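The block underneath contains the structure these notes are about, expressed in structure tokens.
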Amino acid sequence: MSVDATALQKEAIEWVREWNEDDLPVDLDADTPLLAKGLLDSMGMVAFVSFLEERFDLRFDFTSFVPGPNASIRTLLDHCLGR
């Protein structure tokens with residue numbers, strides 16, 4: 001099965017925008033550190049990972065990746081996609 005990573009990134013960016021009610025403190029792209037830039041807090045990160053798993057039917061393996069302050073949409077999606 002082919003995955004359109006760009007489309008996944010765009011939808012994930014939109015989710016983060018909605019989470020922040022379009023009031024973003026910084027420009028947002030696939031490489032923006034989500035926690036370090038204040039776009040998500042710990043509860044937001046849990047909600048975001050849940051969104052990724054449910055929306056894209058992906059599995060997030062916390063045993064091999066712990067989202068730190070520099071985790072971005074790209075790193076989280078790449079991990080879910082096994083890249």
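If you're wondering about the labels, chains in the structure tokens are A, B, ... by order shown, residues count from 1 in each chain, ligands from 1 in order shown.
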
inquiry  = At a cut-off of 12 Å, using only C-alpha atoms, what residues contact Thr6 of chain A? Leave out same-chain residues fewer than 2 positions from it and give the result as a PyMOL selection string.
reply    = chain A and resi 2-4+8-13+29-30+73-74+77-78

query = Quick one: of A:Ala71, A:Leu34, A:Cys80, A:Leu40, who's nearest to Glu54 of chain A, counting only C-alpha atoms?
reply = A:Cys80

Counting only C-alpha atoms, which residues in segment 34-56 of chain A sit no more than 12 Å from segment 61-64 of chain A? For each one, give the nearest pair of atoms and the distance in Å, sorted by chain then residue number, as a tab-separated table.
```
residue	atom	partner	partner_atom	distance
A:Val46	CA	A:Phe62	CA	11.3
A:Val49	CA	A:Phe62	CA	10.3
A:Ser50	CA	A:Asp61	CA	11.8
A:Glu53	CA	A:Asp61	CA	10.3
```

message = Please compute the atom CA of Arg59 of chain A-atom CA of Asp27 of chain A distance, one decimal, in Å.
response =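 Answer for the atom CA of Arg59 of chain A to atom CA of Asp27 of chain A separation: 27.7 Å.
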
ask   = Which polymer residues have any atom within 12 Å of an atom of Asn20 of chain A, counting only C-alpha atoms, with same-chain residues fewer than 2 positions away left out, as a list in words?
value =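 Residues meeting the cut-off are Ile13, Glu14, Trp15, Val16, Arg17, Glu18, Asp22, Asp23, Leu24, Pro25, Val26, Leu28, Leu34, Gly38, Leu39, Leu40, Asp41, Gly44 and Phe48 of chain A.
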
request  = Determine the nearest neighbour of Ala36 of chain A from the options A:Leu58, A:Phe51, A:Gly68, A:Thr75, counting only C-alpha atoms.
outcome  =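 Closest candidate: A:Gly68.
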
task = Can you check which residues of chain A DSSP gives as helix (DSSP H, G or I) on the backbone and send them as a ChimeraX atom specification?
result = /A:5-19,42-56,73-80

Among listed residues A:Pro33, A:Glu21, A:Leu76, A:Ala5, nearest Leu52 of chain A (using only C-alpha atoms) =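 Nearest candidate to Leu52 of chain A out of A:Pro33, A:Glu21, A:Leu76, A:Ala5: A:Leu76.
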
message = As an exercise, work out the distance from atom CA of Met43 of chain A to atom CA of Trp19 of chain A in Å and give it to one decimal place.
response =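 Going from atom CA of Met43 of chain A over to atom CA of Trp19 of chain A covers 11.0 Å.
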